[in-house]
Amino acid sequence: MGIEIIGIGSYLPEKILTNTELEKMVDTTDEWITTRTGIKERRIAKDTEATSDLAIHAAKRAIKKANISALDLDAIIVATITPDMFFPSTACFVQKGLGAKNAAAFDIAAACSGFIYGLAIAKSFINSDTCKTVMVLGAEKLSSIVDWTDRNICVLLGDGAGAVILKKTNSTSDILSTYLGADGNAGDLLYIPGGGSRNPATHKTVDERLHYMKMEGNKLFKIAVRAMADSAKKAIELAGITRDDVKLIIPHQANIRIVEAVARQLGVPMDKVFLNIQKYGNTSSATTPIALEEAIYEGKVKKGDIVVLVAFGGGLTWGATAIRL
Ligand code: ACO
């Protein structure tokens with residue numbers, strides 16, 4: 001018995017923020033953003049929308065594709081660094097929004113790698129018979145933690161959500177391998193200092209802009225390339241396949257230059273690597289499910305093909321998974 005993705009859905013807010021518009025907000029240029037990152041535009045959620053609202057849209061689409069009822073879900077796992085609130089979990093808001101009253105619900109915090117961590121948890125739940133049908137989501141409203149005066153970060157990020165539904169199957173579909181890693185020693189390269197128990201919210205933390213994401217992009221870049229290339233190699237090896245068996249690599253969309261460097265290290269041509277960073281920027285945990293959905297929709301992969309999802313993010317965390325669709 002394998003595990004099949006029986007439904008997949010994504011949601012991108014309607015509002016598009018272009019590089020040209022960003023030129024009016026901070027000291028940047030379309031040329032700098034395009035050549036350094038590959039990003040042309042990103043989506044921004046409404047003020048009235050929270051992460052769970054984006055997630056619920058994506059979840060409903062996945063449920064429709066799977067042709068099941070929300071009542072069939074045994075677990076809802078949301079990967080996010082922008083939860084609606086500290087608690088209840090965003091997954092509980094999604095459960096309520098879907099009316100999925102039979103589902104356990106919880107969030108995981110593994111930043112941009114969160115969706116891949118979520119798939120690994122779902123696989124274990126299904127293989128241990130803890131759950132039959134599991135929904136995993138990556139959902140982010142990164143615009144809510146972006147300092148719109150910091151050109152180092154605000155040009156990179158966007159909002160969005162993606163959802164998959166996993167179930168046991170007799171077909172050849174399966175999550176062939178999962179590989180996860182972390183290095184807490186480098187956590188200070190990407191973090192939000194304020195608002196948690198270390199620096200609870202005060203007027204001072206607000207004045208010092210501690211509730212916004214801080215990043216050392218240059219240092220992260222190098223670690224990201226190595227961690228993503230190593231993770232993809234490990235997932236391929238653990239799956240007992242070779243690079244040539246993989247139809248498409250679906251990498252976390254943080255920077256086109258990171259993706260190109262990872263492809264070079266893997267010895268894979270760029271036409272075997274999925275890219276949509278130009279449209280959405282970095283949506284953290286949501287990039288890989290959104291990209292997988294688009295790759296399927298565009299006919300780049302179909303049932304029976306093997307894809308490798310690979311990601312890297314704050315924590316630091318990283319991971320990869322080989323999936324036969
Ligand atoms: N517009 C114009 N100039 C800029 C901008 C901007 N938006 N941002 C930075 N610059 C300037 C810098 O100030 C610097 O100027 P200086 O030389 O006068 O000091 C110059 O551009 C070069 O800056 P670098 O940081 O060296 O530029 P780099 O080529 O490294 O690109 C980037 C920066 C895009 C952030 C890159 O390092 C990167 O993508 N890093 C990885 C990011 C990442 O993967 N993050 C993890 C995921 S995010 C998450 O988890 C949600």
# chains A, B, ... in the order shown; residues from 1 in each chain; ligands from 1
$ residues_near_ligand --ligand "ligand 1" --cutoff "9 Å" --atoms "only C-alpha atoms and all ligand atoms" --output "number ranges by chain"
A: 22-23, 26-33, 35-37, 81, 111-113, 142, 150-157, 189-191, 213, 215-225, 252-258, 282-285, 312-316
$ residues_around --residues "A:Ala232" --least-positions-apart "5" --cutoff "7 Å" --atoms "only C-alpha atoms" --output "list in words"
Val308, Val310 and Ala320 of chain A
$ residues_around --residues "A:Leu248" --least-positions-apart "3" --cutoff "12 Å" --atoms "only C-alpha atoms" --output "number ranges by chain"
A: 232, 243-245, 251, 263, 268-275, 291-292, 295-296, 299-302, 305-310, 322-325
$ select_by_dssp --residues "stretch 73-145 of chain A" --states "strand (DSSP E or B)" --output "list in words"
Ala75, Ile76, Ile77, Val78, Ala79, Ala104, Ala105, Phe106, Asp107, Ile108, Thr133, Val134, Met135, Val136, Leu137, Gly138, Ala139, Glu140 and Lys141 of chain A
$ write_last_selection --atoms "N, CA, C and O atoms" --output "PDB file, in the first residue's frame"
ATOM      1  N   ALA A  75      -7.142  14.461   9.965  1.00  0.00           N
ATOM      2  CA  ALA A  75      -6.174  15.410  10.546  1.00  0.00           C
ATOM      3  C   ALA A  75      -5.933  16.558   9.577  1.00  0.00           C
ATOM      4  O   ALA A  75      -5.954  16.371   8.361  1.00  0.00           O
ATOM      5  N   ILE A  76      -5.723  17.740  10.162  1.00  0.00           N
ATOM      6  CA  ILE A  76      -5.363  18.934   9.392  1.00  0.00           C
ATOM      7  C   ILE A  76      -4.078  19.476  10.002  1.00  0.00           C
ATOM      8  O   ILE A  76      -4.030  19.788  11.199  1.00  0.00           O
ATOM      9  N   ILE A  77      -3.044  19.547   9.172  1.00  0.00           N
ATOM     10  CA  ILE A  77      -1.731  20.012   9.640  1.00  0.00           C
ATOM     11  C   ILE A  77      -1.384  21.270   8.854  1.00  0.00           C
ATOM     12  O   ILE A  77      -1.299  21.228   7.621  1.00  0.00           O
ATOM     13  N   VAL A  78      -1.196  22.373   9.551  1.00  0.00           N
ATOM     14  CA  VAL A  78      -0.862  23.632   8.868  1.00  0.00           C
ATOM     15  C   VAL A  78       0.576  24.022   9.203  1.00  0.00           C
ATOM     16  O   VAL A  78       0.929  24.171  10.377  1.00  0.00           O
ATOM     17  N   ALA A  79       1.374  24.184   8.168  1.00  0.00           N
ATOM     18  CA  ALA A  79       2.722  24.722   8.326  1.00  0.00           C
ATOM     19  C   ALA A  79       2.646  26.218   8.092  1.00  0.00           C
ATOM     20  O   ALA A  79       2.196  26.652   7.032  1.00  0.00           O
ATOM     21  N   ALA A 104      -8.398  15.941  13.757  1.00  0.00           N
ATOM     22  CA  ALA A 104      -7.443  16.543  14.694  1.00  0.00           C
ATOM     23  C   ALA A 104      -6.781  17.697  13.949  1.00  0.00           C
ATOM     24  O   ALA A 104      -6.724  17.688  12.717  1.00  0.00           O
ATOM     25  N   ALA A 105      -6.304  18.700  14.686  1.00  0.00           N
ATOM     26  CA  ALA A 105      -5.753  19.869  13.993  1.00  0.00           C
ATOM     27  C   ALA A 105      -4.618  20.479  14.799  1.00  0.00           C
ATOM     28  O   ALA A 105      -4.753  20.682  16.005  1.00  0.00           O
ATOM     29  N   PHE A 106      -3.511  20.738  14.110  1.00  0.00           N
ATOM     30  CA  PHE A 106      -2.386  21.405  14.771  1.00  0.00           C
ATOM     31  C   PHE A 106      -1.470  22.048  13.746  1.00  0.00           C
ATOM     32  O   PHE A 106      -1.481  21.688  12.576  1.00  0.00           O
ATOM     33  N   ASP A 107      -0.680  23.018  14.234  1.00  0.00           N
ATOM     34  CA  ASP A 107       0.296  23.706  13.378  1.00  0.00           C
ATOM     35  C   ASP A 107       1.692  23.136  13.603  1.00  0.00           C
ATOM     36  O   ASP A 107       1.989  22.611  14.684  1.00  0.00           O
ATOM     37  N   ILE A 108       2.537  23.312  12.596  1.00  0.00           N
ATOM     38  CA  ILE A 108       3.956  23.035  12.807  1.00  0.00           C
ATOM     39  C   ILE A 108       4.763  24.265  12.408  1.00  0.00           C
ATOM     40  O   ILE A 108       4.402  24.972  11.470  1.00  0.00           O
ATOM     41  N   THR A 133      -7.058   9.787   6.345  1.00  0.00           N
ATOM     42  CA  THR A 133      -7.056  10.880   5.371  1.00  0.00           C
ATOM     43  C   THR A 133      -6.528  12.142   6.061  1.00  0.00           C
ATOM     44  O   THR A 133      -7.103  12.599   7.056  1.00  0.00           O
ATOM     45  N   VAL A 134      -5.432  12.668   5.523  1.00  0.00           N
ATOM     46  CA  VAL A 134      -4.759  13.797   6.180  1.00  0.00           C
ATOM     47  C   VAL A 134      -4.590  14.958   5.191  1.00  0.00           C
ATOM     48  O   VAL A 134      -4.164  14.744   4.054  1.00  0.00           O
ATOM     49  N   MET A 135      -4.928  16.153   5.667  1.00  0.00           N
ATOM     50  CA  MET A 135      -4.675  17.348   4.854  1.00  0.00           C
ATOM     51  C   MET A 135      -3.444  18.071   5.402  1.00  0.00           C
ATOM     52  O   MET A 135      -3.354  18.309   6.607  1.00  0.00           O
ATOM     53  N   VAL A 136      -2.512  18.389   4.500  1.00  0.00           N
ATOM     54  CA  VAL A 136      -1.332  19.171   4.885  1.00  0.00           C
ATOM     55  C   VAL A 136      -1.362  20.477   4.102  1.00  0.00           C
ATOM     56  O   VAL A 136      -1.558  20.475   2.884  1.00  0.00           O
ATOM     57  N   LEU A 137      -1.177  21.577   4.831  1.00  0.00           N
ATOM     58  CA  LEU A 137      -1.195  22.890   4.184  1.00  0.00           C
ATOM     59  C   LEU A 137       0.073  23.677   4.493  1.00  0.00           C
ATOM     60  O   LEU A 137       0.619  23.565   5.592  1.00  0.00           O
ATOM     61  N   GLY A 138       0.493  24.476   3.527  1.00  0.00           N
ATOM     62  CA  GLY A 138       1.473  25.536   3.768  1.00  0.00           C
ATOM     63  C   GLY A 138       0.730  26.829   3.516  1.00  0.00           C
ATOM     64  O   GLY A 138       0.171  27.010   2.426  1.00  0.00           O
ATOM     65  N   ALA A 139       0.671  27.711   4.504  1.00  0.00           N
ATOM     66  CA  ALA A 139      -0.151  28.917   4.337  1.00  0.00           C
ATOM     67  C   ALA A 139       0.532  30.084   5.032  1.00  0.00           C
ATOM     68  O   ALA A 139       0.973  29.959   6.184  1.00  0.00           O
ATOM     69  N   GLU A 140       0.621  31.210   4.341  1.00  0.00           N
ATOM     70  CA  GLU A 140       1.340  32.349   4.917  1.00  0.00           C
ATOM     71  C   GLU A 140       0.736  33.681   4.507  1.00  0.00           C
ATOM     72  O   GLU A 140       0.413  33.889   3.329  1.00  0.00           O
ATOM     73  N   LYS A 141       0.654  34.579   5.473  1.00  0.00           N
ATOM     74  CA  LYS A 141       0.414  35.993   5.175  1.00  0.00           C
ATOM     75  C   LYS A 141       1.691  36.736   5.600  1.00  0.00           C
ATOM     76  O   LYS A 141       1.741  37.398   6.642  1.00  0.00           O
TER      77      LYS A 141
END
$ atom_distance --atom1 "atom CA of A:Ala239" --atom2 "atom CA of A:Leu176"
5.1 Å
$ closest_residue --among "A:Ala66, A:Leu119, A:Gly319, A:Gly267" --to "A:Asp183" --atoms "only C-alpha atoms"
A:Gly319
$ select_by_dssp --residues "stretch 25-259 of chain A" --states "helix (DSSP H, G or I)" --output "PyMOL selection string"
chain A and resi 30-37+51-66+70-72+90-98+111-127+142-144+151-154+184-189+203-207+217-238+243-245+256-259
$ atom_distance --atom1 "atom CA of A:Leu266" --atom2 "atom CA of A:Ile236"
10.6 Å
$ closest_residue --among "A:Thr51, A:Glu298, A:Gln278, A:Lys303" --to "A:Gly160" --atoms "only C-alpha atoms"
A:Thr51
$ atom_distance --atom1 "atom CA of A:Lys279" --atom2 "atom CA of A:Leu12"
10.2 Å
$ closest_residue --among "A:Asp129, A:Ser197, A:Asp188, A:Ala55" --to "A:Gln95" --atoms "only C-alpha atoms"
A:Ala55
$ closest_residue --among "A:Asn19, A:Ser52, A:Ser124, A:Thr34" --to "A:Cys92" --atoms "only C-alpha atoms"
A:Ser52
$ residues_around --residues "A:Met1" --least-positions-apart "4" --cutoff "8 Å" --atoms "only C-alpha atoms" --output "PyMOL selection string"
chain A and resi 168-171
